[in-house]
Amino acid sequence: MIFQSTRGDEKKLSGAKAIIKGIADDKGLYAPVEIPKLPLLPKDMVGMTYEEVAKKILLAFFDDFTEEEMERCVLGAYSKGFDSAEIAPIVHVGDKAVLELYHGRTAAFKDMALSILPHLLTTALEKEGEKKKICILTATSGDTGKAALEGFADVEGTEIIVFYPEDGVSTVQKRQMITQQGKNVHVYAIRGNFDNAQSGVKEIFNDEKFNLAMEKNNVRLSSANSINIGRLVPQVAYYVFSYVKLIEAGKIKAGDEINIAVPTGNFGNILAGYYAAKMGIPINKFICASNENKVLTDFFNTGKYDIKRDFILTNSPSMDILISSNLERLLFLLSDNDSGEVARLMSALEEENEYKISDGLKDKMSDFYGGYATEEEVKNTIEKVYREYEYLMDTHTAIAYKVYEDYVKESGDERQALIVSTASPYKFSESVAEAIGMESMENPYELLVKLSEETGIAIPEGLMDLDKKEVRHSEVIDVESMKDAVVEALNI
Ligand SMILES: *Cc1c(COP(=O)(O)O)cnc(C)c1O
């Protein structure tokens with residue numbers, strides 16, 4: 001499979017090259033020129049392990065990797081660090097299936113892709129004979145940062161720099177990042193929100209002079225955000241895997257359609273689901289669930305993407321985003337790779353803070369349903385599901401659950417639901433504990449223990465004893481100083 005920028009540069013790249021580069025010179029994202037078909041029918045994947053399915057899906061996209069190379073990447077990523085043998089287990093809550101993607105090291109779904117990205121990247125570097133040091137720049141709304149730090153810590157030939165919004169992440173998320181160990185890790189809080197961090201990083205990537213200066217110092221910049229295609233493709237695997245698991249569990253017959261509900265921020269996770277459908281997984285509706293930063297809900301309803309609104313800090317901070325980068329890849333796919341049109345829409349977004357798609361393009365998005373939940377609704381949903389089923393969800397997952405219920409009320413659609421669960425409830429313990437009626441506590445880390453006593457659910461290993469770990473990164477900088485921070489971190 002070959003990859004091309006979403007914004008007009010017609011150069012075609014191999015998977016390895018696209019992974020190394022991260023973002024195209026014309027500011028576009030790399031997207032597959034065509035979505036590959038499933039290498040095997042779902043019924044023929046029954047009984048396969050996560051690793052086996054992931055290897056097949058990854059090779060379908062990255063066919064410039066050999067089977068042996070991909071096998072090494074997949075085993076390197078998933079043979080350790082997960083506290084569930086299934087890697088991505090499905091839990092049945094009432095008649096809904098919940099796909100738990102948070103069993104990796106950092107207790108959020110970002111581990112699914114970020115535990116394999118370093119392996120894909122180092123393999124790609126070997127294949128391309130690239131000798132420069134790779135510097136991974138990452139903007140995070142909380143979960144990507146920690147997962148990228150864990151993935152890249154002490155990986156030979158790489159440095160990793162993470163920028164997170166000072167006041168835009170949960171207590172646990174912040175603590176996870178500032179206590180990160182490793183010789184090649186750098187973490188900065190920025191005075192700004194996630195969009196500022198993401199735009200800052202994109203600006204660094206697109207600063208030719210800066211990139212040239214970096215090259216002179218034998219450094220090449222790349223990205224661990226879902227703008228990197230090496231981050232997106234591994235996520236397709238769990239949609240295929242979960243469809244196979246639903247067949248195994250007797251919840252569906254091979255060929256039956258399902259609906260998926262995804263708590264959405266940067267639009268990476270749900271786009272991976274859409275790619276899985278294009279490969280051949282029968283998915284009927286893509287329920288795109290947002291918090292009060294509901295740009296996407298409005299977009300699917302009106303065809304207008306409009307960020308002229310306040311940025312709201314919510315109890316689902318990993319979804320506090322107005323500019324959902326990966327929507328660009330959906331526009332590219334649905335416009336039949338019309339990169340000129342995508343470039344026009346993206347420059348309208350940059351210059352006028354809004355764009356409107358044509359009616360023709362909007363019609364092609366009828367498989368998507370956009371909805372949102374308020375902070376209050378999030379708490380009520382966590383409480384209700386815990387009371388009815390003794391199942392504890394985090395704030396992000398609760399949004400998908402609630403918007404799914406809205407969708408069913410409106411449509412009467414009774415297909416099997418797959419609710420995508422993106423984080424352990426312990427990552428957002430303050431909001432979750434409050435939702436189920438527990439008293440707040442002075443020490444947020446003691447709250448984790450209390451929450452565990454109350455619910456009987458074990459604390460994920462990566463979140464234990466966070467308060468006892470040494471703080472190693474406490475710098476706070478202005479958005480304007482991000483470039484300087486890169487220079488300082490690399491010591492050049
Ligand atoms: C990153 C994240 C999301 C949003 O996922 P996108 O791929 O950016 O849409 C949702 N929930 C949690 C917990 C996350 O960390």
# chains A, B, ... in the order shown; residues from 1 in each chain; ligands from 1
>>> residues_near_ligand(ligand="ligand 1", cutoff="8 Å", atoms="only C-alpha atoms and all ligand atoms", output="JSON, numbers by chain")
{"A": [108, 109, 110, 141, 142, 143, 144, 226, 262, 263, 264, 265, 266, 267, 268, 269, 270, 271, 316, 318, 319, 324, 394, 395, 396, 397, 421, 422, 423, 424]}
>>> closest_atom_pairs(of="region 209-328 of chain A", to="region 377-387 of chain A", cutoff="12 Å", atoms="only C-alpha atoms", output="Markdown table")
| residue | atom | partner | partner_atom | distance |
| --- | --- | --- | --- | --- |
| A:Pro263 | CA | A:Val378 | CA | 11.7 |
| A:Ala289 | CA | A:Val378 | CA | 11.6 |
| A:Ser290 | CA | A:Val378 | CA | 11.0 |
| A:Asn291 | CA | A:Val378 | CA | 8.8 |
| A:Glu292 | CA | A:Glu377 | CA | 10.6 |
| A:Thr314 | CA | A:Val378 | CA | 10.2 |
| A:Asn315 | CA | A:Val378 | CA | 8.4 |
| A:Ser316 | CA | A:Val378 | CA | 8.8 |
>>> closest_atom_pairs(of="region 29-94 of chain A", to="region 457-480 of chain A", cutoff="10 Å", atoms="only C-alpha atoms", output="JSON lines")
{"residue": "A:Gly81", "atom": "CA", "partner": "A:Gly462", "partner_atom": "CA", "distance": 9.5}
{"residue": "A:Phe82", "atom": "CA", "partner": "A:Glu461", "partner_atom": "CA", "distance": 9.9}
{"residue": "A:Asp83", "atom": "CA", "partner": "A:Pro460", "partner_atom": "CA", "distance": 8.0}
>>> closest_residue(among="A:Ser222, A:Asn284, A:Ser347, A:Thr455", to="Pro118 (chain A)", atoms="only C-alpha atoms")
A:Ser222
>>> closest_residue(among="A:Ile287, A:Met279, A:Ile23, A:Val187", to="Phe300 (chain A)", atoms="only C-alpha atoms")
A:Ile287
>>> closest_residue(among="A:Ile492, A:Ala16, A:Ala224, A:Ala400", to="Thr66 (chain A)", atoms="only C-alpha atoms")
A:Ala16
>>> residues_around(residues="Glu10 (chain A)", least_positions_apart="2", cutoff="12 Å", atoms="only C-alpha atoms", output="ChimeraX atom specification")
/A:2-8,12-13,24-26,28,30-31,33,337-340
>>> select_by_dssp(residues="region 239-387 of chain A", states="alpha helix (DSSP H)", output="MDAnalysis selection string")
chainID A and resid 239:248 268:279 295:302 327:334 339:352 359:363 375:387
>>> select_by_dssp(residues="region 49-283 of chain A", states="strand (DSSP E or B)", output="PyMOL selection string")
chain A and resi 90-93+96-100+108+133-139+158-165+185-191+219-223+258-263+283
>>> closest_residue(among="A:Lys131, A:Arg72, A:Lys146, A:Lys80", to="Thr179 (chain A)", atoms="only C-alpha atoms")
A:Lys146
>>> atom_distance(atom1="CA of Lys17 (chain A)", atom2="CA of Val233 (chain A)")
14.5 Å
>>> atom_distance(atom1="CA of Gly22 (chain A)", atom2="CA of Asn206 (chain A)")
11.3 Å
>>> closest_residue(among="A:Val403, A:Asp111, A:Thr171, A:Ile57", to="Ser429 (chain A)", atoms="only C-alpha atoms")
A:Thr171
>>> closest_residue(among="A:Glu439, A:Gly129, A:Gln235, A:Tyr369", to="Asp406 (chain A)", atoms="only C-alpha atoms")
A:Tyr369
